[in-house]
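Novice: Here it is, the structure, as structure tokens.
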Amino acid sequence: MLKVENLNVHYGVIHALKDVSIEVEQGKIVSLIGSNGAGKTTLLRTISGLIKPTSGSITFEGNDIITVAPQQLPMRGLVHVPEGRRIFSGLTVMENLQMGAYLRKDKAGIKEDLDKVFKRFEILYSRRNQDASTLSGGEQQMLAISRALMAKPRLLLMDEPSMGLAPLLVKEIFNIIREINSQGTTVLLVEQNAMQALKIADWAYVLETGSIVLGGTGEELLSSPEIQKVYLGG
Amino acid sequence: GPKEAETIKIGVNLELTGEVSVYGTPEKLAFQLAVKEINAKGGIDGKQVELVVYDNAYDTAKAVENATKLATVDNVVAMLGSATSAPTLAIGPVAKQYEVLTFTPSGTNAKVTMDGTAVNPWVFRACFIDPFQGLVLANFASNTLQAKKAVVMGSSSSDYAKDLAAIFGEKFAANGGEVLTVEYYTDADTDFSAQLTTIKGLGEFDVLFVADYAARAGLIIGQARAMGIDVAIIGPDGFESPDLNDLAGGAANVSNVYFSTHFSTLSTDAKVQNFITAYTAETGEAPSALSALAYDAAYMLFAAIESAGTDPVKVRDALKATKNFAGVTGTISFDDLNNPIKSAVVVKLENGVQVEASIVNP
Amino acid sequence: MKNLFSKKNLIWLGLLIVFFFLFQFMIDVRIITPYYRTILYGIGIFIILGVSLNIIIGITGQLSLGHAGFMSIGAYSAAIVMQNMPDMTGLLLGMVVGAFVSILVSFVVAIPTLRLKGDYLAIATLGVGEIIRIVILNLEITNGASGISNIKNLISWPLLFVFVVGAVVLSANFKNSAIGRACISIKEDEIASEAMGIHTTKYKVIAFIFGAVLASVAGSLYATTYYVVKPETFGIATSINILIIVVFGGMGSLTGSAISAIFIGIVNMLLQSYAEVRLITYALVLIVVMIFRPQGLLGSKEFGLDKVLGFRPPSFKKLRKENSK
Amino acid sequence: MQQFLQQTINGLSIGGVYALIALGYTMVYGIIKLINFAHGDIFMFGAYVGMVAVMNFNMPIYLAFIIAMAVTALFGVIIERVAYKPLRKSTRTAALITAIGVSFLIQNGVLMIMGANIYAFPQVIPNQFFTVFGLRLNMLQLVIFATSIALMIILQFIVSKTKLGRAMRSVAVDKDAAALMGVNVDNVITITFAIGSALAAAAGIMVGLYYIKVFPFMGFTPGLKAFVAAVFGGIGIIPGAMIGGFAIGLIETYVAGYGSTLYKDAVVFVILILILLVKPSGLLGKNVKEKV
Amino acid sequence: MSYLSIEHLTKNFGGLSAVSNVSISVNEGELVGLIGPNGAGKTTLFNVLTGVYKPTQGKVILNKDGKSIELSKLPPYKITHQGVARTFQNIRLFKDLTVLDNVKISMNQQAKYGLFGALTRLGKFYASEADIEVRAHEFLKKVNLDDLAYDLAKNLPYGKQRQLEIARAMATGAKLLFLDEPAAGMNPQETHALTEFIAKIRKEMDLTIVLIEHDMSLVMNICERIFVLDYGKLIASGSAEEVKNNRKVIEAYLGEEE
Ligand SMILES: Nc1ncnc2c1ncn2[C@@H]1O[C@H](COP(=O)(O)OP(=O)(O)OP(=O)(O)O)[C@@H](O)[C@H]1O
Ligand SMILES: Nc1ncnc2c1ncn2[C@@H]1O[C@H](COP(=O)(O)OP(=O)(O)OP(=O)(O)O)[C@@H](O)[C@H]1O
Ligand SMILES: [Mg+2]
Ligand SMILES: [Mg+2]
């Protein structure tokens with residue numbers, strides 16, 4: 001579904017991604033783990049067009065998307081939940097969700113998906129007319145995910161959705177990811193919480209200082225002693 | 001220094017950019033016209049006249065820099081400018097320091113030709129000073145218009161208004177009249193309804209004296225007429241502008257309006273008519289008092305150079321000695337303070353057209 | 001090494017002395033003509049203004065659009081005092097009076113307004129500048145709209161040199177001290193700064209007053225250089241011109257402000273004869289520079305001997321070597 | 001009392017002008033946090049375009065409005081694309097300086113093309129007066145007043161209730177995140193500038209009609225006052241711009257009418273500073289302390 | 001009398017009670033944890049303790065050297081002068097300054113000269129500056145950041161930035177530290193290193209520490225006592241063991257073990 005090949009990204013002199021190649025198959029959950037500053041966010045931002053790579057190719061469902069402007073990707077089904085939630089403060093919860101459906105024209109479908117979101121996250125329903133910036137961290141994360149779902153994604157890029165969340169919510173977020181996936185959305189997940197990320201992953205990559213150093217099924221990586229030591233605190 | 005040069009260089013230091021360029025630009029055009037004319041006649045003593053023109057943008061610091069450059073780098077014989085008082089006040093000391101005279105066509109502030117309490121021998125002007133106009137208008141209001149009660153309006157951002165208002169008030173009172181109020185506004189204002197509303201609330205009066213330039217006077221005339229204030233409106237030379245009627249919201253509003261000025265296009269004097277023709281042909285616009293004053297200043301300077309040569313000190317002495325120079329703005333001599341002794345004209349406007357011009361002697 | 005007579009300070013002193021006499025010589029033999037001398041004075045005055053505003057904007061991070069107001073206080077104080085004492089004593093006395101009035105005014109203004117942030121502070125300071133101008137326009141002692149003319153011209157290269165160097169050195173000392181660090185930390189992050197024990201209001205006020213006093217001194221020099229002071233000279237346009245010097249040179253870089261004052265002064269001089277295109281060119285240069293170098297000429301770095309002579313903090317080179325091993 | 005009411009009308013009509021210009025200021029500020037210092041000059045540009053349309057091309061006034069608004073909108077968009085867009089990622093001060101540069105450029109460009117002299121806007125709409133309860137009302141005063149309120153309501157509706165408005169607000173908060181939702185950020189900013197500039201042009205023509213005087217520096221003072229008005233009401237907040245505009249107009253007029261005109265502008269600034277001290281982000285601004 | 005006592009503290013935002021009637025006391029030298037769901041009011045509590053917000057009700061008392069100081073009456077910088085400092089949930093370093101300058105700014109109280117000294121460099125200026133420089137380096141050595149002294153804070157790796165933030169807070173001379181989610185965004189290995197760092201500095205410098213954290217591996221490892229907030233109210237407190245098994249805490253925060 002998504003194929004990244006030999007991708008290189010520079011920030012000035014910093015070589016943030018070095019020959020990165022990954023592949024995400026339809027219907028799967030693919031996790032990407034790696035320590036701080038490894039380049040995970042950079043990779044996601046490059047895929048969704050916010051950063052222009054120096055070289056390499058990115059294809060989504062067979063089409064080259066490097067030259068496609070970021071605002072056109074949601075139409076094609078590629079949606080990005082950015083790091084740090086980035087919800088729109090000053091807009092209500094409802095308006096944030098409407099922004100998620102910005103490019104959609106099917107009013108009925110939007111209404112239906114809105115109901116779905118509110119059913120899944122009842123707390124958002126009760127807060128629907130509240131300024132989104134006054135939500136708690138966990139609520140904001142739910143909103144960020146829901147907002148992305150409003151675009152009817154076929155591939156969802158998620159950047160550290162569990163960051164800063166209470167343990168209970170972390171569990172819930174992972175349940176949600178699983179649920180979304182089971183309903184047909186492919187997920188590329190970036191996580192610090194390696195344990196959980198590997199547990200739900202069909203396939204996983206390890207990124208270190210800009211290079212992919214390891215790839216395998218979630219289980220394989222979980223049982224790798226190196227991974228155990230560095231990423232699982234074992 | 002008095003070097004023997006091919007041409008006679010005269011410096012010009014004017015407001016050519018920014019808002020005040022409306023005063024500087026016509027003067028530049030008049031200088032250029034005068035130079036073109038004299039050069040066509042073979043120049044002065046066979047030498048062509050050359051203008052070195054610098055813009056001071058109404059900035060006193062720039063005026064000083066320009067004057068310094070004209071006096072020390074370009075080595076001009078004399079300087080013309082500036083159009084307004086503030087830059088001229090700053091040029092004065094430079095003219096004195098480097099001993100090159102400066103001649104302002106229209107700097108009306110009394111202090112322009114002064115150096116403290118004494119006269120600055122290096123500064124001359126071609127126009128009469130503000131107090132004189134205040135005097136002329138007060139007499140005109142009392143004697144010709146038979147006014148008893150007057151209201152004065154003026155801009156607080158210039159001395160022009162303040163000086164005129166003060167002298168007018170004094171003289172008008174001395175003539176037995178009463179000034180009900182002096183209302184101020186700022187240069188940037190376009191809406192005078194607050195002041196006019198206040199004035200209307202004062203009751204009857206005979207004359208409204210607007211001590212300002214056309215840019216605002218026009219608006220005030222229009223707004224006053226619109227509010228039903230239909231007394232005579234009088235003003236200084238600043239009224240004269242091709243835009244006055246339009247700014248007043250149409251010529252119909254510009255009736256029963258009088259202003260004092262330096263010259264009138266109604267004059268049948270051949271010199272005046274020739275000037276009007278030449279200036280209009282050259283620039284495509286009718287001359288204003290500013291261009292007329294500048295034209296006179298240029299020719300007075302030419303005359304001085306003609307009689308004294310190119311030594312700046314001698315030129316100054318020759319200019320100072322000017323007697324009864326017959327210019328387009330009247331017959332001019334200088335008094336002890338380097339101010340011209342000349343008559344004023346009071347022009348009457350009906351439907352925006354000059355219908356009458358009476359000469360008032362000091 | 002680290003004292004008033006350090007090698008670095010002595011080299012600076014030597015350079016300054018050489019520079020001073022070089023210029024004095026060029027003035028004496030008229031390589032620098034009276035015209036260039038006038039330009040030089042103007043540039044010197046704007047160096048002081050730029051550096052002083054940089055203390056407020058570049059170092060402390062408080063956007064002020066009313067700097068010309070403080071300049072006018074100094075200019076008028078000198079002009080008024082010199083009306084009765086047209087000599088050096090009068091000028092210096094006027095400067096002192098201006099400085100005191102500036103301290104008073106900036107203190108009164110600073111305490112409430114500096115609580116505001118960003119654009120709100122900018123508009124409030126703009127208002128303060130306008131209020132000062134309007135008050136001057138309407139006072140008796142300042143002679144209203146026409147201002148004061150015939151101010152005795154006492155400017156000279158030595159006088160200018162002393163004040164420009166003095167202002168720059170004092171500003172540099174201000175910046176490179178605990179007070180300067182406190183101010184910089186406020187610019188960086190006011191909340192964190194306060195949490196680190198910095199009394200942010202106090203330092204903002206100190207920086208504001210310091211800048212105001214220097215601007216006032218520059219104003220006094222202005223008065224004695226250009227013979228005339230009038231209210232229009234000290235309007236928003238002048239405040240903006242000073243701001244342009246600061247941004248153009250680089251916010252936080254004192255040497256940048258000095259260099260940009262010189263640069264802008266020279267550009268203005270060169271464009272003098274092209275009245276029609278001067279302002280358009282000026283505007284275009286401004287836009288182009290901001291687009292291609294928005295951090296200004298020097299960014300927040302200083303042009304200094306450290307770089308020219310290869311000085312480094314003592315432990316720096318060593319640490320670098322160790323790191324690279 | 002009669003006089004007080006008359007002064008109030010005077011104040012509201014001048015305030016309407018400030019409000020119209022302030023709306024454009026606030027729109028642009030609200031989206032890209034740029035103090036568009038050149039806004040007053042765009043207003044001046046609009047007045048010139050309208051005047052040329054009527055004077056040189058003999059267009060009827062309604063057509064002049066449309067043409068001037070369109071041309072000025074395009075002009076605003078070009079300015080944004082050329083001068084401001086490259087600075088989106090730089091500091092606010094750098095952008096402010098650029099805006100000042102643009103302001104100089106427009107002023108002096110118009111000065112070079114049209115000259116420094118003052119033009120009088122053709123009086124194509126007769127200045128009708130009518131008297132209500134002894135108060136003199138002017139047709140144009142009413143038009144300005146009504147237009148500023150109508151435009152405020154329309155703009156407020158667009159920003160708060162439409163999809164475009166939501167996109168604008170999202171771009172204001174977070175450009176990248178907005179792009180990820182499918183918003184074409186550049187287009188939204190362009191539209192914002194177009195609307196702001198068109199409003200300025202409308203204000204320019206109305207001022208031309210009412211106050212007659214058209215000259216290259218006519219934008220500076222109203223621009224500054226409008227900026228103050230926008231801040232007064234809470235910059236970025238559309239109803240704030242209008243309240244600010246009317247407030248400044250009224251204060252000015254009352255001070256001029258009952259106090260000393262000499263201190264008119266000073267009083268405006270003093271009141272502005274006092275308001276900011278009590279409400280640091282303007283009358284309608286939210287006093288959000290940064291959450292740490 | 002306990003070192004820090006928070007008495008019936010309430011902080012409202014409009015209608016919302018972010019912290020309500022919370023009383024907590026901390027003894028000198030303790031390391032306590034503060035946990036609770038997102039939006040429970042933990043950061044708000046820190047903000048009140050450090051003077052960023054004034055409490056709606058209640059007070060905060062610091063007992064130091066036999067004196068009681070009411071912190072809730074002081075502005076932030078004065079609280080810092082009392083030996084109380086904090087870090088921020090979102091890193092707030094002076095990011096365009098060097099590591100050394102970040103620390104020097106915290107040491108500003110130690111400058112022994114005033115405005116006059118600064119401008120003229122007479123008197124104690126050079127001595128005092130040299131002293132601050134030496135001390136700053138010594139301090140950086142202690143926290144293992146000295147080799148980065150001349151790097152800009154923003155160029156530090158994330159983990160080091162967190163460490164610098166803690167170091168900068170300590171450099172104010174603080175004896176009481178509030179750390180807001182120091183391990184946020186770190187992987188287990190990095191978290192482990194941070195845990196050791198905190199334990200080390202606390203021992204070496206006799207610090208009292210209160211920390212907020214969602215990473216239970218850190219909290220349960222080093223905190224001697226834990227307080228749990230939910231909807232602004234204190235719902236539990238005690239040792240790691242006690243809290244871990246508290247029903248209310250499990251329901252509101254930890255969730256059931258799988
Ligand atoms: N805008 C930028 N400019 C310069 N360098 C950047 C920028 N953004 C990221 N970097 C650098 O690129 C590298 C990769 O950063 P990135 O944010 O992609 O890492 P990450 O794996 O997502 O880390 P984290 O776990 O902290 O989110 C880091 O060294 C970072 O400092
Ligand atoms: N300045 C403020 N204005 C209005 N509400 C606020 C403000 N600061 C915090 N709140 C609200 O107070 C509540 C507590 O917020 P706080 O940041 O203290 O939570 P927290 O416990 O630190 O959560 P997290 O673990 O997600 O950081 C939240 O509902 C928040 O929205
Ligand atoms: Mg990341
Ligand atoms: Mg928190």
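Chain labels A, B, ... are given in the sequence in which chains occur in the structure tokens; within each chain residues are numbered consecutively from 1, and ligands are likewise numbered from 1 in the order shown.
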Could you list, as a PDB file with N, CA and C atoms, in the first residue's frame, every residue of chain E that has an atom within 6 Å of an atom of chain C, counting only C-alpha atoms?
Specialist:
```pdb
ATOM      1  N   PRO E  76       6.799  34.283  41.561  1.00  0.00           N
ATOM      2  CA  PRO E  76       7.651  33.147  41.213  1.00  0.00           C
ATOM      3  C   PRO E  76       9.132  33.353  41.532  1.00  0.00           C
ATOM      4  N   TYR E  77       9.660  34.530  41.166  1.00  0.00           N
ATOM      5  CA  TYR E  77      11.112  34.657  41.359  1.00  0.00           C
ATOM      6  C   TYR E  77      11.486  34.639  42.831  1.00  0.00           C
ATOM      7  N   THR E  80      11.611  31.139  44.013  1.00  0.00           N
ATOM      8  CA  THR E  80      12.882  30.533  43.624  1.00  0.00           C
ATOM      9  C   THR E  80      13.992  30.955  44.595  1.00  0.00           C
ATOM     10  N   HIS E  81      13.960  32.219  45.018  1.00  0.00           N
ATOM     11  CA  HIS E  81      14.980  32.671  45.961  1.00  0.00           C
ATOM     12  C   HIS E  81      14.886  31.947  47.294  1.00  0.00           C
ATOM     13  N   PHE E  94      16.393  27.915  27.721  1.00  0.00           N
ATOM     14  CA  PHE E  94      16.732  29.095  26.920  1.00  0.00           C
ATOM     15  C   PHE E  94      17.469  28.551  25.710  1.00  0.00           C
ATOM     16  N   SER E 106      20.636  30.899  35.996  1.00  0.00           N
ATOM     17  CA  SER E 106      20.074  30.432  37.262  1.00  0.00           C
ATOM     18  C   SER E 106      20.900  30.915  38.442  1.00  0.00           C
ATOM     19  N   ASN E 108      22.224  33.809  38.728  1.00  0.00           N
ATOM     20  CA  ASN E 108      22.294  35.260  38.698  1.00  0.00           C
ATOM     21  C   ASN E 108      22.258  35.910  40.070  1.00  0.00           C
ATOM     22  N   ALA E 118      28.175  46.628  36.625  1.00  0.00           N
ATOM     23  CA  ALA E 118      28.043  45.985  35.327  1.00  0.00           C
ATOM     24  C   ALA E 118      28.477  46.932  34.219  1.00  0.00           C
ATOM     25  N   LEU E 119      28.057  48.194  34.316  1.00  0.00           N
ATOM     26  CA  LEU E 119      28.332  49.137  33.237  1.00  0.00           C
ATOM     27  C   LEU E 119      29.794  49.578  33.213  1.00  0.00           C
ATOM     28  N   TYR E 126      34.792  41.746  37.718  1.00  0.00           N
ATOM     29  CA  TYR E 126      35.563  40.650  37.123  1.00  0.00           C
ATOM     30  C   TYR E 126      35.682  39.467  38.064  1.00  0.00           C
TER      31      TYR E 126
END
```
Novice: With only C-alpha atoms and all ligand atoms counted, collect every polymer residue having an atom within 9 Å of ligand 1; state the result as an NGL selection string.
Specialist: (:A and (9-17 or 33-45 or 83 or 159-160 or 190-192 or 207-210)) or (:E and (154-159 or 185-187))
Novice: So how many Å separate CA of Val285 in chain C and CA of Ala95 in chain D, to one decimal?
Specialist: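 The value is 14.2 Å.
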Novice: Could you list, as a list in words, all protein and nucleic acid residues with an atom at most 8 Å from ligand 4, counting only C-alpha atoms and all ligand atoms?
Specialist: Asn38, Gly39, Gly41, Lys42, Thr43, Thr44, Gln89, Asp180, Glu181 and Ile212 of chain E
Novice: Store the residues picked out above, limited to C-alpha atoms, as a CSV table (one decimal), in the first residue's frame.
Specialist:
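In the end it all went to selection_13.csv:
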```
chain,number,residue,atom,x,y,z
E,38,ASN,CA,-4.6,13.5,32.4
E,39,GLY,CA,-6.2,16.7,33.5
E,41,GLY,CA,-4.6,19.0,38.1
E,42,LYS,CA,-1.1,17.9,38.7
E,43,THR,CA,0.6,20.6,36.6
E,44,THR,CA,-1.8,23.1,38.0
E,89,GLN,CA,6.1,19.6,31.3
E,180,ASP,CA,7.0,17.8,35.8
E,181,GLU,CA,7.0,14.6,33.7
E,212,ILE,CA,4.9,14.2,38.3
```
Novice: Could you list the residues in chain D lying within 9 Å of chain A, using only C-alpha atoms, and format the result as a short mmCIF file (atom, residue, chain, number, x, y, z; two decimals) with C-alpha atoms, in the first residue's frame?
Specialist:
```cif
data_model
loop_
_atom_site.label_atom_id
_atom_site.label_comp_id
_atom_site.auth_asym_id
_atom_site.auth_seq_id
_atom_site.Cartn_x
_atom_site.Cartn_y
_atom_site.Cartn_z
CA LYS D 163 -16.19 26.03 6.24
CA ARG D 166 -13.06 27.14 10.05
CA ALA D 167 -10.19 26.70 7.62
CA ARG D 169 -9.11 29.66 12.05
CA SER D 170 -7.25 26.36 11.74
CA VAL D 171 -4.57 27.96 9.61
CA ALA D 172 -4.27 30.64 12.27
CA VAL D 173 -3.64 28.01 14.95
CA ASP D 174 -1.43 25.55 13.13
CA ASP D 176 0.92 22.20 9.19
CA ALA D 177 -1.94 20.55 10.99
CA ALA D 178 -4.38 22.42 8.78
CA ALA D 179 -2.56 21.16 5.70
CA LEU D 180 -2.84 17.63 7.04
CA MET D 181 -6.62 18.08 7.15
CA GLY D 182 -6.56 18.96 3.46
CA VAL D 183 -6.60 22.74 3.78
CA ASN D 184 -4.67 24.59 1.09
CA VAL D 185 -2.93 26.98 3.45
#
```
Novice: Any idea which chain A residues end up within 9 Å of chain E if we count only C-alpha atoms, as a list in words please?
Specialist: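 Within 9 Å of chain E on chain A, we get Gly34, Ser35, Asn36, Gly37, Leu135, Ser136, Gly137, Gly138, Glu139, Glu160, Met163, Gly164, Leu165, Ala166, Pro167, Leu168, Leu169, Lys171, Gln192, Asn193, Ala194, Lys229, Val230, Tyr231, Leu232, Gly233 and Gly234 of chain A.
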Novice: Go ahead and dump the residues you just picked, N, CA, C and O atoms, as a tab-separated table (two decimals), in the first residue's frame.
Specialist:
```tsv
chain	number	residue	atom	x	y	z
A	34	GLY	N	12.10	3.50	17.92
A	34	GLY	CA	13.43	4.09	17.86
A	34	GLY	C	13.53	5.17	18.90
A	34	GLY	O	12.51	5.75	19.29
A	35	SER	N	14.76	5.46	19.32
A	35	SER	CA	14.88	6.41	20.43
A	35	SER	C	14.62	7.84	19.97
A	35	SER	O	14.35	8.08	18.80
A	36	ASN	N	14.77	8.76	20.92
A	36	ASN	CA	14.53	10.16	20.61
A	36	ASN	C	15.45	10.67	19.52
A	36	ASN	O	16.64	10.40	19.53
A	37	GLY	N	14.89	11.39	18.60
A	37	GLY	CA	15.71	12.00	17.57
A	37	GLY	C	16.18	11.02	16.51
A	37	GLY	O	17.01	11.35	15.68
A	135	LEU	N	-9.43	20.81	26.75
A	135	LEU	CA	-9.52	19.37	27.07
A	135	LEU	C	-8.25	18.90	27.76
A	135	LEU	O	-7.19	19.49	27.60
A	136	SER	N	-8.37	17.81	28.50
A	136	SER	CA	-7.17	17.25	29.12
A	136	SER	C	-6.37	16.54	28.04
A	136	SER	O	-6.84	16.33	26.92
A	137	GLY	N	-5.13	16.19	28.41
A	137	GLY	CA	-4.24	15.59	27.43
A	137	GLY	C	-4.84	14.36	26.76
A	137	GLY	O	-4.77	14.20	25.54
A	138	GLY	N	-5.44	13.51	27.56
A	138	GLY	CA	-6.00	12.29	27.01
A	138	GLY	C	-7.16	12.58	26.07
A	138	GLY	O	-7.27	11.99	24.98
A	139	GLU	N	-7.98	13.51	26.49
A	139	GLU	CA	-9.12	13.88	25.65
A	139	GLU	C	-8.65	14.48	24.32
A	139	GLU	O	-9.21	14.21	23.27
A	160	GLU	N	3.39	8.80	17.86
A	160	GLU	CA	3.39	8.74	19.33
A	160	GLU	C	2.05	9.09	19.97
A	160	GLU	O	1.96	10.05	20.75
A	163	MET	N	1.92	9.37	23.93
A	163	MET	CA	2.82	10.26	24.69
A	163	MET	C	2.07	11.09	25.72
A	163	MET	O	1.05	11.72	25.42
A	164	GLY	N	2.60	11.08	26.92
A	164	GLY	CA	2.06	11.92	27.98
A	164	GLY	C	0.73	11.46	28.52
A	164	GLY	O	0.05	12.20	29.22
A	165	LEU	N	0.34	10.26	28.18
A	165	LEU	CA	-0.97	9.81	28.66
A	165	LEU	C	-0.84	8.91	29.88
A	165	LEU	O	0.15	8.22	30.07
A	166	ALA	N	-1.89	8.95	30.69
A	166	ALA	CA	-1.93	8.10	31.87
A	166	ALA	C	-2.02	6.63	31.44
A	166	ALA	O	-2.53	6.33	30.37
A	167	PRO	N	-1.50	5.73	32.28
A	167	PRO	CA	-1.43	4.31	31.89
A	167	PRO	C	-2.77	3.76	31.38
A	167	PRO	O	-2.81	3.05	30.37
A	168	LEU	N	-3.82	4.12	32.07
A	168	LEU	CA	-5.13	3.63	31.67
A	168	LEU	C	-5.45	4.05	30.24
A	168	LEU	O	-5.95	3.25	29.43
A	169	LEU	N	-5.13	5.28	29.93
A	169	LEU	CA	-5.43	5.80	28.60
A	169	LEU	C	-4.53	5.18	27.55
A	169	LEU	O	-4.95	4.97	26.41
A	171	LYS	N	-3.49	2.22	27.48
A	171	LYS	CA	-4.12	0.94	27.11
A	171	LYS	C	-5.27	1.20	26.17
A	171	LYS	O	-5.45	0.51	25.15
A	192	GLN	N	7.11	5.39	21.24
A	192	GLN	CA	8.17	5.21	22.22
A	192	GLN	C	7.86	3.98	23.06
A	192	GLN	O	8.76	3.31	23.56
A	193	ASN	N	6.57	3.77	23.26
A	193	ASN	CA	6.13	2.65	24.08
A	193	ASN	C	6.28	1.37	23.27
A	193	ASN	O	5.34	0.83	22.70
A	194	ALA	N	7.54	0.89	23.21
A	194	ALA	CA	7.87	-0.18	22.28
A	194	ALA	C	7.12	-1.47	22.59
A	194	ALA	O	6.68	-2.18	21.69
A	229	LYS	N	16.81	-5.20	25.51
A	229	LYS	CA	17.70	-4.41	26.35
A	229	LYS	C	17.45	-2.91	26.17
A	229	LYS	O	17.29	-2.17	27.13
A	230	VAL	N	17.40	-2.49	24.90
A	230	VAL	CA	17.35	-1.05	24.65
A	230	VAL	C	15.94	-0.47	24.77
A	230	VAL	O	15.74	0.57	25.36
A	231	TYR	N	14.99	-1.19	24.18
A	231	TYR	CA	13.67	-0.55	24.06
A	231	TYR	C	12.62	-1.05	25.03
A	231	TYR	O	11.58	-0.46	25.18
A	232	LEU	N	12.91	-2.17	25.67
A	232	LEU	CA	11.86	-2.70	26.54
A	232	LEU	C	12.27	-2.65	28.00
A	232	LEU	O	11.53	-3.07	28.87
A	233	GLY	N	13.45	-2.11	28.24
A	233	GLY	CA	13.89	-1.95	29.62
A	233	GLY	C	14.12	-3.28	30.30
A	233	GLY	O	14.11	-3.40	31.52
A	234	GLY	N	14.35	-4.33	29.49
A	234	GLY	CA	14.51	-5.68	30.08
A	234	GLY	C	15.92	-5.94	30.55
A	234	GLY	O	16.87	-5.29	30.24
```
Novice: With a distance threshold of 9 Å and counting only C-alpha atoms, extract the residues of chain D near chain B and express them as a ChimeraX atom specification.
Specialist: /D:3,6-7,10-11,14,107-108,111,115-123,127,129,136,211-213,215-218,220-222,252-258,260-262,264
Novice: Per DSSP on the backbone, what are the alpha helix (DSSP H) residues of range 12-193 of chain C, as a PyMOL selection string?
Specialist: chain C and resi 12-28+34-54+67-84+88-113+118-138+157-175+178-188+190-193
Novice: When distances are computed from only C-alpha atoms, which of D:Ala70, D:Met55, D:Ile149, D:Ile275 shows the smallest separation from chain C?
Specialist: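 Smallest distance to chain C is found for D:Ile275.
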Novice: Considering only strand (DSSP E or B) as DSSP defines it on the backbone, what residues of range 101-234 of chain D qualify? List them as a count of residues only.
Specialist: 12
Novice: Distance limit 10 Å, atoms considered: only C-alpha atoms. Which chain E residues sit that close to chain D? Return them as a PyMOL selection string.
Specialist: chain E and resi 43-44+46-47+52-53+88-92
Novice: Those residues you just picked out, can you put them in a file as a PDB file, in the first residue's frame with C-alpha atoms?
Specialist:
```pdb
ATOM      1  CA  THR E  43       0.615  20.577  36.608  1.00  0.00           C
ATOM      2  CA  THR E  44      -1.805  23.141  37.952  1.00  0.00           C
ATOM      3  CA  PHE E  46       2.893  22.757  40.497  1.00  0.00           C
ATOM      4  CA  ASN E  47       1.968  26.070  38.968  1.00  0.00           C
ATOM      5  CA  VAL E  52       2.685  30.980  38.379  1.00  0.00           C
ATOM      6  CA  TYR E  53      -0.909  30.967  39.599  1.00  0.00           C
ATOM      7  CA  PHE E  88       8.305  22.213  32.883  1.00  0.00           C
ATOM      8  CA  GLN E  89       6.110  19.604  31.281  1.00  0.00           C
ATOM      9  CA  ASN E  90       7.095  21.003  27.873  1.00  0.00           C
ATOM     10  CA  ILE E  91      10.796  21.746  27.938  1.00  0.00           C
ATOM     11  CA  ARG E  92      11.439  25.451  28.388  1.00  0.00           C
TER      12      ARG E  92
END
```
Novice: Provide the CA of Phe197 in chain E to CA of Leu31 in chain E distance in Å, to one decimal place.
Specialist: 13.3 Å
Novice: For ligand 2, which of A:Gly84, A:Pro225, A:Gly62, A:Gly109 is the closest residue, counting only C-alpha atoms and all ligand atoms?
Specialist: A:Gly84
